[in-house]
>>> print(open('structure_7.txt').read())   # compact mmCIF, C-alpha atoms
# COMPACT_ATOMS: atom_id res chain seq x y z
CA MET X 1 -151.17 -122.29 96.49
CA THR X 2 -153.62 -120.31 94.38
CA GLU X 3 -152.63 -117.05 96.05
CA ARG X 4 -149.01 -117.73 95.29
CA VAL X 5 -149.84 -118.51 91.67
CA ASP X 6 -151.74 -115.23 91.53
CA ASP X 7 -148.67 -113.37 92.78
CA ILE X 8 -146.38 -115.13 90.33
CA VAL X 9 -148.68 -114.29 87.45
CA ASP X 10 -148.75 -110.68 88.63
CA VAL X 11 -144.96 -110.45 88.48
CA CYS X 12 -144.84 -112.17 85.08
CA LEU X 13 -147.41 -109.81 83.62
CA LEU X 14 -145.69 -106.77 85.07
CA ALA X 15 -142.41 -107.84 83.46
CA GLY X 16 -144.14 -108.55 80.16
CA LYS X 17 -146.03 -105.28 80.18
CA LEU X 18 -142.87 -103.27 80.86
CA MET X 19 -141.00 -104.97 78.03
CA LEU X 20 -143.79 -104.66 75.50
CA GLU X 21 -144.43 -101.00 76.31
CA SER X 22 -140.75 -100.19 75.95
CA GLY X 23 -140.33 -101.79 72.53
CA GLY X 24 -139.29 -105.39 73.20
CA GLU X 25 -140.04 -108.11 70.66
CA THR X 26 -143.06 -110.27 71.44
CA TYR X 27 -141.09 -113.52 71.38
CA ARG X 28 -138.75 -112.04 73.98
CA VAL X 29 -141.75 -111.10 76.13
CA GLU X 30 -143.21 -114.62 75.95
CA ASP X 31 -139.85 -116.17 76.62
CA THR X 32 -139.18 -113.92 79.62
CA MET X 33 -142.60 -114.49 81.17
CA GLY X 34 -142.27 -118.26 80.73
CA ARG X 35 -138.82 -118.25 82.33
CA ILE X 36 -139.91 -116.15 85.31
CA ALA X 37 -142.91 -118.40 85.90
CA ALA X 38 -140.79 -121.53 85.61
CA SER X 39 -138.18 -120.32 88.06
CA PHE X 40 -140.92 -119.68 90.64
CA GLY X 41 -142.16 -123.23 90.16
CA VAL X 42 -144.99 -122.72 87.67
CA SER X 43 -143.68 -124.87 84.87
CA ARG X 44 -146.82 -125.16 82.78
CA SER X 45 -147.73 -121.64 81.75
CA HIS X 46 -148.98 -120.39 78.43
CA SER X 47 -148.72 -116.94 77.07
CA TYR X 48 -149.93 -115.25 73.94
CA VAL X 49 -148.46 -111.86 73.20
CA THR X 50 -149.32 -109.41 70.46
CA PRO X 51 -148.09 -105.81 70.28
CA THR X 52 -151.41 -104.64 71.76
CA GLY X 53 -152.14 -107.18 74.49
CA ILE X 54 -150.84 -110.02 76.66
CA MET X 55 -152.71 -113.17 77.62
CA PHE X 56 -151.27 -115.43 80.27
CA SER X 57 -152.63 -118.56 81.80
CA VAL X 58 -151.41 -121.31 84.08
CA GLU X 59 -152.33 -124.88 83.27
CA GLY X 60 -154.22 -126.79 85.93
CA THR X 61 -155.51 -123.71 87.76
CA ASN X 62 -158.21 -121.14 87.12
CA VAL X 63 -155.68 -118.37 86.67
CA THR X 64 -155.94 -116.65 83.31
CA ARG X 65 -155.23 -112.98 82.82
CA PHE X 66 -155.30 -110.51 80.02
CA ILE X 67 -153.81 -107.04 79.91
CA ARG X 68 -154.16 -104.47 77.22
CA ILE X 69 -151.19 -102.44 75.97
CA SER X 70 -152.37 -99.16 74.53
CA GLU X 71 -149.35 -96.88 74.70
CA ARG X 72 -146.00 -97.99 73.35
CA SER X 73 -142.78 -96.01 73.38
CA THR X 74 -139.18 -96.81 72.65
CA ASP X 75 -137.01 -97.22 75.72
CA LEU X 76 -134.60 -100.06 75.08
CA SER X 77 -132.76 -99.57 78.35
CA LYS X 78 -135.92 -100.70 80.16
CA VAL X 79 -136.02 -103.82 78.01
CA ALA X 80 -132.41 -104.46 78.98
CA LEU X 81 -133.20 -103.87 82.67
CA VAL X 82 -136.16 -106.27 82.71
CA ASN X 83 -134.04 -108.79 80.83
CA HIS X 84 -131.40 -108.48 83.54
CA ILE X 85 -134.00 -108.90 86.31
CA SER X 86 -135.32 -112.03 84.62
CA ARG X 87 -131.79 -113.45 84.48
CA ARG X 88 -131.38 -112.78 88.19
CA ILE X 89 -134.70 -114.49 88.92
CA SER X 90 -133.64 -117.53 86.89
CA SER X 91 -130.40 -117.82 88.79
CA GLY X 92 -132.33 -117.74 92.06
CA GLU X 93 -130.92 -114.40 93.19
CA LEU X 94 -134.29 -112.69 93.58
CA SER X 95 -137.32 -113.76 95.59
CA LEU X 96 -140.88 -113.13 94.40
CA ASP X 97 -141.23 -109.97 96.49
CA GLY X 98 -137.77 -108.78 95.56
CA ALA X 99 -138.57 -109.24 91.88
CA ARG X 100 -141.81 -107.32 92.22
CA LYS X 101 -140.00 -104.44 93.95
CA GLU X 102 -137.30 -104.35 91.29
CA LEU X 103 -139.87 -104.35 88.47
CA GLU X 104 -141.90 -101.61 90.11
CA ARG X 105 -138.74 -99.56 90.45
CA VAL X 106 -138.08 -99.99 86.72
CA GLN X 107 -141.67 -98.98 85.99
CA GLN X 108 -141.17 -95.71 87.87
CA LEU X 109 -137.98 -94.83 85.99
CA PRO X 110 -138.28 -91.83 83.69
CA LEU X 111 -137.47 -92.13 80.00
CA GLY X 112 -133.75 -92.71 79.50
CA TYR X 113 -132.87 -89.34 78.05
CA PRO X 114 -134.75 -86.02 78.46
CA LEU X 115 -136.46 -84.50 75.45
CA TRP X 116 -133.82 -81.83 74.82
CA GLN X 117 -131.08 -84.45 74.70
CA GLN X 118 -133.09 -86.57 72.31
CA THR X 119 -133.82 -83.57 70.12
CA ALA X 120 -130.15 -82.62 70.11
CA ALA X 121 -129.23 -86.20 69.23
CA ALA X 122 -131.80 -86.27 66.43
CA ALA X 123 -130.49 -82.97 65.05
CA ALA X 124 -126.89 -84.15 65.10
CA ALA X 125 -127.82 -87.55 63.67
CA SER X 126 -129.69 -85.87 60.79
CA ALA X 127 -126.68 -83.66 60.12
CA CYS X 128 -124.34 -86.66 60.12
CA PHE X 129 -126.65 -88.49 57.77
CA ALA X 130 -127.04 -85.70 55.27
CA SER X 131 -123.26 -85.28 55.27
CA LEU X 132 -122.75 -89.01 54.86
CA LEU X 133 -124.93 -88.99 51.75
CA GLY X 134 -124.16 -85.62 50.21
CA GLY X 135 -121.01 -84.03 51.65
CA MET X 136 -120.02 -81.91 54.61
CA ASN X 137 -121.68 -78.67 53.44
CA HIS X 138 -125.04 -80.25 54.38
CA PHE X 139 -124.09 -80.43 58.02
CA LEU X 140 -125.36 -77.16 59.49
CA PRO X 141 -128.66 -76.80 57.58
CA SER X 142 -129.63 -80.41 58.39
CA LEU X 143 -128.87 -79.77 62.02
CA LEU X 144 -131.70 -77.24 62.01
CA SER X 145 -134.24 -79.13 59.90
CA GLY X 146 -133.62 -82.52 61.54
CA GLY X 147 -133.86 -81.11 65.05
CA MET X 148 -137.02 -79.20 64.26
CA ALA X 149 -138.62 -82.25 62.65
CA PHE X 150 -137.98 -84.44 65.69
CA TRP X 151 -139.14 -81.77 68.11
CA CYS X 152 -142.34 -81.21 66.11
CA PHE X 153 -142.96 -84.95 66.13
CA GLU X 154 -142.68 -85.17 69.91
CA MET X 155 -144.83 -82.08 70.49
CA MET X 156 -147.47 -83.10 67.99
CA HIS X 157 -147.59 -86.60 69.45
CA ARG X 158 -148.43 -85.10 72.84
CA PHE X 159 -151.37 -83.12 71.52
CA VAL X 160 -152.69 -85.47 68.87
CA LYS X 161 -152.63 -89.07 70.02
CA ILE X 162 -152.50 -90.36 66.45
CA ARG X 163 -148.90 -91.30 65.93
CA PHE X 164 -149.07 -91.41 62.15
CA PHE X 165 -150.38 -87.90 61.89
CA ALA X 166 -147.50 -86.64 64.04
CA GLU X 167 -145.07 -88.42 61.72
CA PHE X 168 -146.70 -86.93 58.66
CA PHE X 169 -146.54 -83.48 60.22
CA ALA X 170 -142.88 -83.86 61.22
CA ALA X 171 -141.87 -84.92 57.71
CA PHE X 172 -143.86 -81.99 56.34
CA VAL X 173 -142.04 -79.56 58.67
CA ALA X 174 -138.63 -81.02 57.78
CA GLY X 175 -139.36 -80.68 54.07
CA GLY X 176 -140.75 -77.19 54.55
CA ILE X 177 -137.65 -75.94 56.37
CA VAL X 178 -135.36 -77.45 53.74
CA LEU X 179 -137.39 -75.81 50.97
CA LEU X 180 -137.32 -72.42 52.70
CA MET X 181 -133.55 -72.71 53.05
CA GLU X 182 -133.32 -73.56 49.36
CA ARG X 183 -135.37 -70.47 48.46
CA ALA X 184 -133.11 -68.36 50.66
CA GLY X 185 -130.11 -69.76 48.80
CA PHE X 186 -128.42 -71.63 51.65
CA VAL X 187 -128.65 -75.08 50.14
CA ARG X 188 -128.79 -76.61 46.67
CA ASP X 189 -129.18 -80.34 47.16
CA VAL X 190 -132.67 -80.66 48.65
CA GLY X 191 -132.93 -84.45 48.45
CA ASN X 192 -130.12 -85.54 50.74
CA MET X 193 -131.10 -82.98 53.32
CA MET X 194 -134.69 -84.15 53.43
CA ILE X 195 -133.58 -87.76 53.75
CA GLY X 196 -131.23 -86.87 56.59
CA SER X 197 -133.89 -84.84 58.39
CA VAL X 198 -136.54 -87.56 58.40
CA MET X 199 -134.05 -90.32 59.32
CA PRO X 200 -134.77 -90.07 63.09
CA LEU X 201 -138.43 -90.82 62.32
CA VAL X 202 -137.73 -93.92 60.23
CA PRO X 203 -139.29 -97.01 61.87
CA GLY X 204 -136.03 -98.88 62.42
CA LEU X 205 -137.14 -100.56 65.62
CA ALA X 206 -140.50 -101.65 64.20
CA ILE X 207 -138.80 -103.18 61.15
CA THR X 208 -136.23 -105.16 63.14
CA ASN X 209 -138.83 -106.30 65.67
CA ALA X 210 -141.17 -107.38 62.87
CA VAL X 211 -138.42 -109.44 61.25
CA ARG X 212 -137.32 -111.00 64.52
CA ASP X 213 -140.92 -111.81 65.52
CA LEU X 214 -141.65 -113.38 62.14
CA MET X 215 -138.46 -115.43 62.43
CA ALA X 216 -139.54 -116.72 65.82
CA GLY X 217 -142.83 -117.88 64.27
CA HIS X 218 -145.02 -115.18 65.80
CA LEU X 219 -146.85 -114.46 62.61
CA ILE X 220 -149.60 -112.17 63.87
CA ALA X 221 -147.24 -110.10 66.00
CA GLY X 222 -144.74 -109.87 63.15
CA LEU X 223 -147.33 -108.84 60.61
CA SER X 224 -148.90 -106.22 62.86
CA ARG X 225 -145.50 -104.74 63.63
CA GLY X 226 -144.77 -104.79 59.93
CA ALA X 227 -148.02 -102.92 59.31
CA GLU X 228 -146.97 -100.37 61.92
CA ALA X 229 -143.62 -99.88 60.20
CA PHE X 230 -145.32 -99.60 56.82
CA LEU X 231 -147.80 -96.99 58.06
CA THR X 232 -144.98 -94.93 59.55
CA ALA X 233 -142.96 -95.10 56.34
CA PHE X 234 -146.10 -94.18 54.42
CA ALA X 235 -146.78 -91.19 56.68
CA ILE X 236 -143.23 -89.89 56.24
CA GLY X 237 -143.41 -90.44 52.49
CA THR X 238 -146.70 -88.57 52.24
CA GLY X 239 -145.33 -85.65 54.24
CA ILE X 240 -142.34 -85.36 51.92
CA ALA X 241 -144.46 -85.84 48.80
CA PHE X 242 -146.79 -83.08 49.98
CA ILE X 243 -143.89 -80.64 50.26
CA LEU X 244 -142.45 -81.71 46.92
CA SER X 245 -145.76 -81.13 45.19
CA ILE X 246 -145.98 -77.58 46.57
CA ARG X 247 -142.47 -76.82 45.39
CA MET V 248 -112.63 -89.24 52.91
CA MET V 249 -113.02 -92.82 54.04
CA ILE V 250 -112.15 -91.85 57.60
CA VAL V 251 -114.71 -89.02 57.56
CA GLN V 252 -117.39 -91.46 56.38
CA LEU V 253 -116.54 -93.95 59.09
CA LEU V 254 -116.54 -91.22 61.72
CA LEU V 255 -119.91 -89.87 60.55
CA SER V 256 -121.53 -93.30 60.55
CA PHE V 257 -120.13 -93.98 64.03
CA VAL V 258 -121.49 -90.72 65.44
CA ALA V 259 -124.84 -91.05 63.64
CA SER V 260 -125.40 -94.62 64.89
CA SER V 261 -124.57 -93.82 68.48
CA LEU V 262 -126.87 -90.78 68.34
CA PHE V 263 -129.64 -93.06 67.14
CA GLY V 264 -128.94 -95.03 70.28
CA VAL V 265 -129.94 -91.92 72.24
CA ILE V 266 -133.19 -91.65 70.26
CA PHE V 267 -133.97 -95.31 71.05
CA ASN V 268 -133.06 -94.78 74.73
CA ILE V 269 -130.38 -97.44 74.96
CA PRO V 270 -128.21 -97.53 78.11
CA LYS V 271 -125.52 -94.85 78.18
CA ARG V 272 -122.58 -97.20 78.59
CA LEU V 273 -123.54 -99.06 75.39
CA LEU V 274 -123.73 -95.99 73.11
CA PRO V 275 -120.16 -96.38 71.78
CA HIS V 276 -120.86 -100.02 71.02
CA SER V 277 -123.95 -99.25 68.97
CA GLY V 278 -121.91 -96.62 67.15
CA PHE V 279 -119.28 -99.23 66.41
CA VAL V 280 -121.92 -101.64 65.07
CA GLY V 281 -123.31 -98.96 62.75
CA MET V 282 -119.82 -98.05 61.58
CA SER V 283 -118.86 -101.63 60.83
CA GLY V 284 -122.08 -102.12 58.85
CA TRP V 285 -121.47 -98.98 56.80
CA ALA V 286 -117.82 -99.96 56.22
CA MET V 287 -118.96 -103.37 54.99
CA TYR V 288 -121.52 -101.76 52.70
CA MET V 289 -118.99 -99.33 51.25
CA ALA V 290 -116.33 -101.99 50.77
CA ALA V 291 -118.83 -104.20 48.92
CA ALA V 292 -120.30 -101.36 46.87
CA ARG V 293 -116.84 -100.08 45.82
CA SER V 294 -115.70 -103.46 44.63
CA GLY V 295 -118.63 -103.48 42.22
CA VAL V 296 -121.16 -105.57 44.14
CA ASP V 297 -124.83 -104.75 43.47
CA GLY V 298 -126.51 -102.49 46.05
CA VAL V 299 -128.94 -105.18 47.22
CA ALA V 300 -126.19 -107.76 47.76
CA ALA V 301 -124.00 -105.17 49.49
CA THR V 302 -126.87 -104.30 51.84
CA PHE V 303 -127.43 -107.99 52.54
CA ALA V 304 -123.76 -108.47 53.44
CA ALA V 305 -123.76 -105.36 55.63
CA ALA V 306 -126.98 -106.34 57.48
CA PHE V 307 -125.55 -109.83 58.04
CA PHE V 308 -122.41 -108.33 59.47
CA VAL V 309 -124.36 -105.88 61.67
CA ALA V 310 -126.43 -108.67 63.20
CA PHE V 311 -123.33 -110.86 63.59
CA VAL V 312 -121.44 -108.19 65.52
CA SER V 313 -124.59 -107.36 67.53
CA ASN V 314 -125.07 -110.96 68.60
CA GLY V 315 -121.46 -111.06 69.70
CA PHE V 316 -121.90 -107.89 71.76
CA ALA V 317 -125.20 -109.19 73.15
CA ARG V 318 -123.48 -112.30 74.46
CA ARG V 319 -120.52 -110.32 75.80
CA TYR V 320 -122.60 -107.69 77.63
CA ARG V 321 -125.62 -109.90 78.45
CA THR V 322 -128.21 -107.57 76.92
CA PRO V 323 -130.76 -108.08 74.12
CA ALA V 324 -129.17 -107.97 70.65
CA THR V 325 -131.90 -105.60 69.41
CA ILE V 326 -130.18 -102.75 71.24
CA PHE V 327 -127.26 -102.92 68.84
CA ILE V 328 -129.12 -104.02 65.73
CA VAL V 329 -131.63 -101.15 65.58
CA SER V 330 -129.03 -98.41 65.49
CA GLY V 331 -126.69 -100.53 63.39
CA ILE V 332 -129.04 -101.03 60.45
CA ILE V 333 -130.12 -97.37 60.30
CA PRO V 334 -127.35 -96.33 57.84
CA LEU V 335 -128.45 -99.14 55.51
CA VAL V 336 -132.11 -98.08 55.28
CA PRO V 337 -132.85 -97.16 51.64
CA GLY V 338 -133.85 -93.56 52.40
CA GLY V 339 -132.40 -92.14 49.19
CA THR V 340 -134.12 -94.60 46.88
CA ALA V 341 -137.45 -94.21 48.66
CA PHE V 342 -137.12 -90.44 48.39
CA GLU V 343 -136.40 -90.62 44.65
CA ALA V 344 -139.42 -92.90 44.21
CA MET V 345 -141.59 -90.41 46.08
CA ARG V 346 -140.23 -87.56 43.96
CA HIS V 347 -141.19 -89.36 40.76
CA VAL V 348 -144.67 -90.10 42.11
CA VAL V 349 -145.16 -86.39 42.67
CA MET V 350 -143.89 -85.68 39.15
CA ASN V 351 -146.48 -88.16 37.77
CA ASP V 352 -143.65 -90.28 36.39
CA TYR V 353 -145.05 -93.57 37.66
CA ASN V 354 -142.79 -95.82 35.58
CA ALA V 355 -139.64 -94.49 37.22
CA ALA V 356 -141.42 -94.37 40.58
CA ILE V 357 -142.41 -98.03 40.48
CA SER V 358 -138.95 -99.23 39.55
CA LEU V 359 -137.35 -97.12 42.28
CA ALA V 360 -139.93 -98.28 44.82
CA ALA V 361 -139.22 -101.88 43.83
CA LYS V 362 -135.53 -101.26 44.36
CA ALA V 363 -136.16 -99.73 47.79
CA PHE V 364 -138.34 -102.73 48.62
CA MET V 365 -135.59 -105.13 47.51
CA ILE V 366 -133.06 -103.34 49.70
CA SER V 367 -135.40 -103.53 52.72
CA GLY V 368 -135.83 -107.22 51.99
CA ALA V 369 -132.05 -107.60 51.85
CA ILE V 370 -131.77 -106.05 55.32
CA ALA V 371 -134.39 -108.48 56.63
CA MET V 372 -132.69 -111.48 54.97
CA GLY V 373 -129.32 -110.39 56.33
CA LEU V 374 -130.75 -110.35 59.85
CA ILE V 375 -132.42 -113.75 59.36
CA PHE V 376 -129.29 -115.44 58.00
CA SER V 377 -127.21 -114.03 60.81
CA GLU V 378 -129.72 -115.29 63.37
CA VAL V 379 -129.56 -118.76 61.83
CA VAL V 380 -125.77 -118.79 62.05
CA ASN V 381 -126.03 -117.53 65.62
CA GLN V 382 -128.38 -120.36 66.60
CA LEU V 383 -126.18 -122.97 64.93
CA VAL V 384 -123.17 -121.69 66.86
CA LYS V 385 -125.11 -121.51 70.13
CA ARG V 386 -126.39 -125.06 69.89
CA ARG V 387 -122.86 -126.43 69.76
CA PRO V 388 -121.67 -126.98 73.34
>>> encode(input="structure_7.txt", output="structure tokens")
Amino acid sequence: MTERVDDIVDVCLLAGKLMLESGGETYRVEDTMGRIAASFGVSRSHSYVTPTGIMFSVEGTNVTRFIRISERSTDLSKVALVNHISRRISSGELSLDGARKELERVQQLPLGYPLWQQTAAAAAASACFASLLGGMNHFLPSLLSGGMAFWCFEMMHRFVKIRFFAEFFAAFVAGGIVLLMERAGFVRDVGNMMIGSVMPLVPGLAITNAVRDLMAGHLIAGLSRGAEAFLTAFAIGTGIAFILSIR
Amino acid sequence: MMIVQLLLSFVASSLFGVIFNIPKRLLPHSGFVGMSGWAMYMAAARSGVDGVAATFAAAFFVAFVSNGFARRYRTPATIFIVSGIIPLVPGGTAFEAMRHVVMNDYNAAISLAAKAFMISGAIAMGLIFSEVVNQLVKRRP
């Protein structure tokens, strides 16, 4: 029995780890792990999830595990996939081994969209945003500054593992390009363009997850996510303020 | 003009879906959620409602539509909410606040920062209220 419990806990933790690393809310992670365990017959399990680690234990046995989550990215399609797998487990469609295979397959999947597509999307989204706020003549310049800002963020994040520095740098680059274009006489309204260009960096996911975690009563997880969102917003703000003070 | 705004918010929201790596087949839906939120915001703001209240109404609507989609397509509601609330984020006000900080005009900066904070709070409250309504509806058999 203990070996089976070990295997079940393995599958639960794998599912939880995948969700948390891809940007799922902590209450969803706890809920999913509890459901998976229950549908394999372990009805009394406890889990404690924060954005940086998962603890999982089964009542009445010696099984208690902890895993550390150090790297988090945003890949909501993986969250959706794991969610779907958990539904199939609950309905009895998947066996323990089948579930493990499916989860391992999801783990191997590359990020949903390649970097160039994401950069193109960020550029176009920035352009749409600047036009939404300030008018259509902002479209082309924001395409350049927004795309460059996002690309710089991704590149910087690869070299420097400190996320907040990469965000600061990206905001700085976006502001710098907008200012150069203003000097060259291409644009007049600096503000809306800068807002549009940094929009892809705004911590939208962290904010929503923080609110949803807090609502579900996960106070520590909610507050730490909120702190993450605040730090990101602060980094972007500092980058922009830096450029504005040079101006 | 209205149609251009709706189109832009639709495209921008679905592109944010790409940045958040949501499944390809759901990109148009997240665009629709963002567009409906922006339409709600504009309709409220044009009829003279205060910016904070308009944001609250729009965030409520975004989460409402997202929960509907989540039930229909059996995926987490977050997928739609994250790209849907992006147009509502108080980027402009935060930027103005930052600009005044740099100009050493702290009085204006504080009041603008407070306004940006209120708008963020309105987004959060909109999501919470919508979730409450969602749970009340779900509990009914």
>>> interface_residues(input="structure_7.txt", of="chain X", to="chain V", cutoff="8 Å", atoms="only C-alpha atoms", output="PyMOL selection string")
chain X and resi 74-77+79-80+83-84+111-113+117-118+121-122+124-126+128-129+131-132+191-192+195+199-200+204-205+208-209+211-212+215+237+240-241+244-245
>>> atom_distance(input="structure_7.txt", atom1="CA of Gly53 (chain X)", atom2="CA of Leu20 (chain X)")
8.8 Å
>>> atom_distance(input="structure_7.txt", atom1="CA of Thr50 (chain X)", atom2="CA of Thr26 (chain X)")
6.4 Å
>>> closest_residue(input="structure_7.txt", among="V:Val312, V:Ala304, V:Val299, V:Ala317", to="Ile366 (chain V)", atoms="all atoms listed in the file")
V:Val299
>>> residues_around(input="structure_7.txt", residues="Arg87 (chain X)", least_positions_apart="4", cutoff="12 Å", atoms="only C-alpha atoms", output="JSON, numbers by chain")
{"X": [31, 32, 33, 35, 36, 39, 80, 81, 82, 83, 91, 92, 93, 94, 99], "V": [321, 322, 323]}
>>> atom_distance(input="structure_7.txt", atom1="CA of Val29 (chain X)", atom2="CA of Val63 (chain X)")
18.9 Å
>>> axis_aligned_box(input="structure_7.txt", around="region 105-116 of chain X", padding_each_side="4 Å", output="AutoDock Vina command-line options")
--center_x -137.3 --center_y -90.9 --center_z 82.6 --size_x 16.8 --size_y 26.2 --size_z 23.6
>>> residues_around(input="structure_7.txt", residues="Met193 (chain X)", least_positions_apart="6", cutoff="9 Å", atoms="only C-alpha atoms", output="ChimeraX atom specification")
/X:126-127,129-131,133-134,138-139,141-142,145-146,174-175,178,187
>>> decode(input="structure_7.txt", residues="region 23-34 of chain X", atoms="N, CA, C and O atoms", output="PDB file, in the first residue's frame")
ATOM      1  N   GLY X  23       2.181  29.253 -13.863  1.00  0.00           N
ATOM      2  CA  GLY X  23       1.396  30.444 -13.531  1.00  0.00           C
ATOM      3  C   GLY X  23      -0.014  30.167 -13.067  1.00  0.00           C
ATOM      4  O   GLY X  23      -0.882  31.035 -13.187  1.00  0.00           O
ATOM      5  N   GLY X  24      -0.281  28.976 -12.511  1.00  0.00           N
ATOM      6  CA  GLY X  24      -1.601  28.696 -11.952  1.00  0.00           C
ATOM      7  C   GLY X  24      -1.737  29.311 -10.564  1.00  0.00           C
ATOM      8  O   GLY X  24      -0.741  29.552  -9.892  1.00  0.00           O
ATOM      9  N   GLU X  25      -2.972  29.533 -10.127  1.00  0.00           N
ATOM     10  CA  GLU X  25      -3.182  30.080  -8.788  1.00  0.00           C
ATOM     11  C   GLU X  25      -2.942  28.982  -7.758  1.00  0.00           C
ATOM     12  O   GLU X  25      -3.180  27.813  -8.039  1.00  0.00           O
ATOM     13  N   THR X  26      -2.505  29.362  -6.554  1.00  0.00           N
ATOM     14  CA  THR X  26      -2.183  28.319  -5.572  1.00  0.00           C
ATOM     15  C   THR X  26      -3.426  27.556  -5.136  1.00  0.00           C
ATOM     16  O   THR X  26      -3.353  26.362  -4.891  1.00  0.00           O
ATOM     17  N   TYR X  27      -4.585  28.232  -5.049  1.00  0.00           N
ATOM     18  CA  TYR X  27      -5.763  27.472  -4.617  1.00  0.00           C
ATOM     19  C   TYR X  27      -6.137  26.422  -5.654  1.00  0.00           C
ATOM     20  O   TYR X  27      -6.602  25.341  -5.316  1.00  0.00           O
ATOM     21  N   ARG X  28      -5.875  26.754  -6.942  1.00  0.00           N
ATOM     22  CA  ARG X  28      -6.164  25.774  -7.989  1.00  0.00           C
ATOM     23  C   ARG X  28      -5.217  24.580  -7.865  1.00  0.00           C
ATOM     24  O   ARG X  28      -5.617  23.433  -8.052  1.00  0.00           O
ATOM     25  N   VAL X  29      -3.954  24.845  -7.513  1.00  0.00           N
ATOM     26  CA  VAL X  29      -2.978  23.778  -7.353  1.00  0.00           C
ATOM     27  C   VAL X  29      -3.396  22.850  -6.211  1.00  0.00           C
ATOM     28  O   VAL X  29      -3.434  21.623  -6.360  1.00  0.00           O
ATOM     29  N   GLU X  30      -3.759  23.438  -5.066  1.00  0.00           N
ATOM     30  CA  GLU X  30      -4.178  22.611  -3.923  1.00  0.00           C
ATOM     31  C   GLU X  30      -5.402  21.789  -4.270  1.00  0.00           C
ATOM     32  O   GLU X  30      -5.470  20.584  -3.981  1.00  0.00           O
ATOM     33  N   ASP X  31      -6.356  22.449  -4.918  1.00  0.00           N
ATOM     34  CA  ASP X  31      -7.596  21.792  -5.275  1.00  0.00           C
ATOM     35  C   ASP X  31      -7.330  20.610  -6.217  1.00  0.00           C
ATOM     36  O   ASP X  31      -7.828  19.498  -6.005  1.00  0.00           O
ATOM     37  N   THR X  32      -6.489  20.863  -7.232  1.00  0.00           N
ATOM     38  CA  THR X  32      -6.191  19.821  -8.216  1.00  0.00           C
ATOM     39  C   THR X  32      -5.490  18.640  -7.566  1.00  0.00           C
ATOM     40  O   THR X  32      -5.854  17.480  -7.800  1.00  0.00           O
ATOM     41  N   MET X  33      -4.483  18.935  -6.694  1.00  0.00           N
ATOM     42  CA  MET X  33      -3.752  17.834  -6.072  1.00  0.00           C
ATOM     43  C   MET X  33      -4.683  17.010  -5.179  1.00  0.00           C
ATOM     44  O   MET X  33      -4.631  15.773  -5.182  1.00  0.00           O
ATOM     45  N   GLY X  34      -5.550  17.704  -4.434  1.00  0.00           N
ATOM     46  CA  GLY X  34      -6.494  16.999  -3.569  1.00  0.00           C
ATOM     47  C   GLY X  34      -7.427  16.099  -4.369  1.00  0.00           C
ATOM     48  O   GLY X  34      -7.691  14.960  -4.001  1.00  0.00           O
TER      49      GLY X  34
END
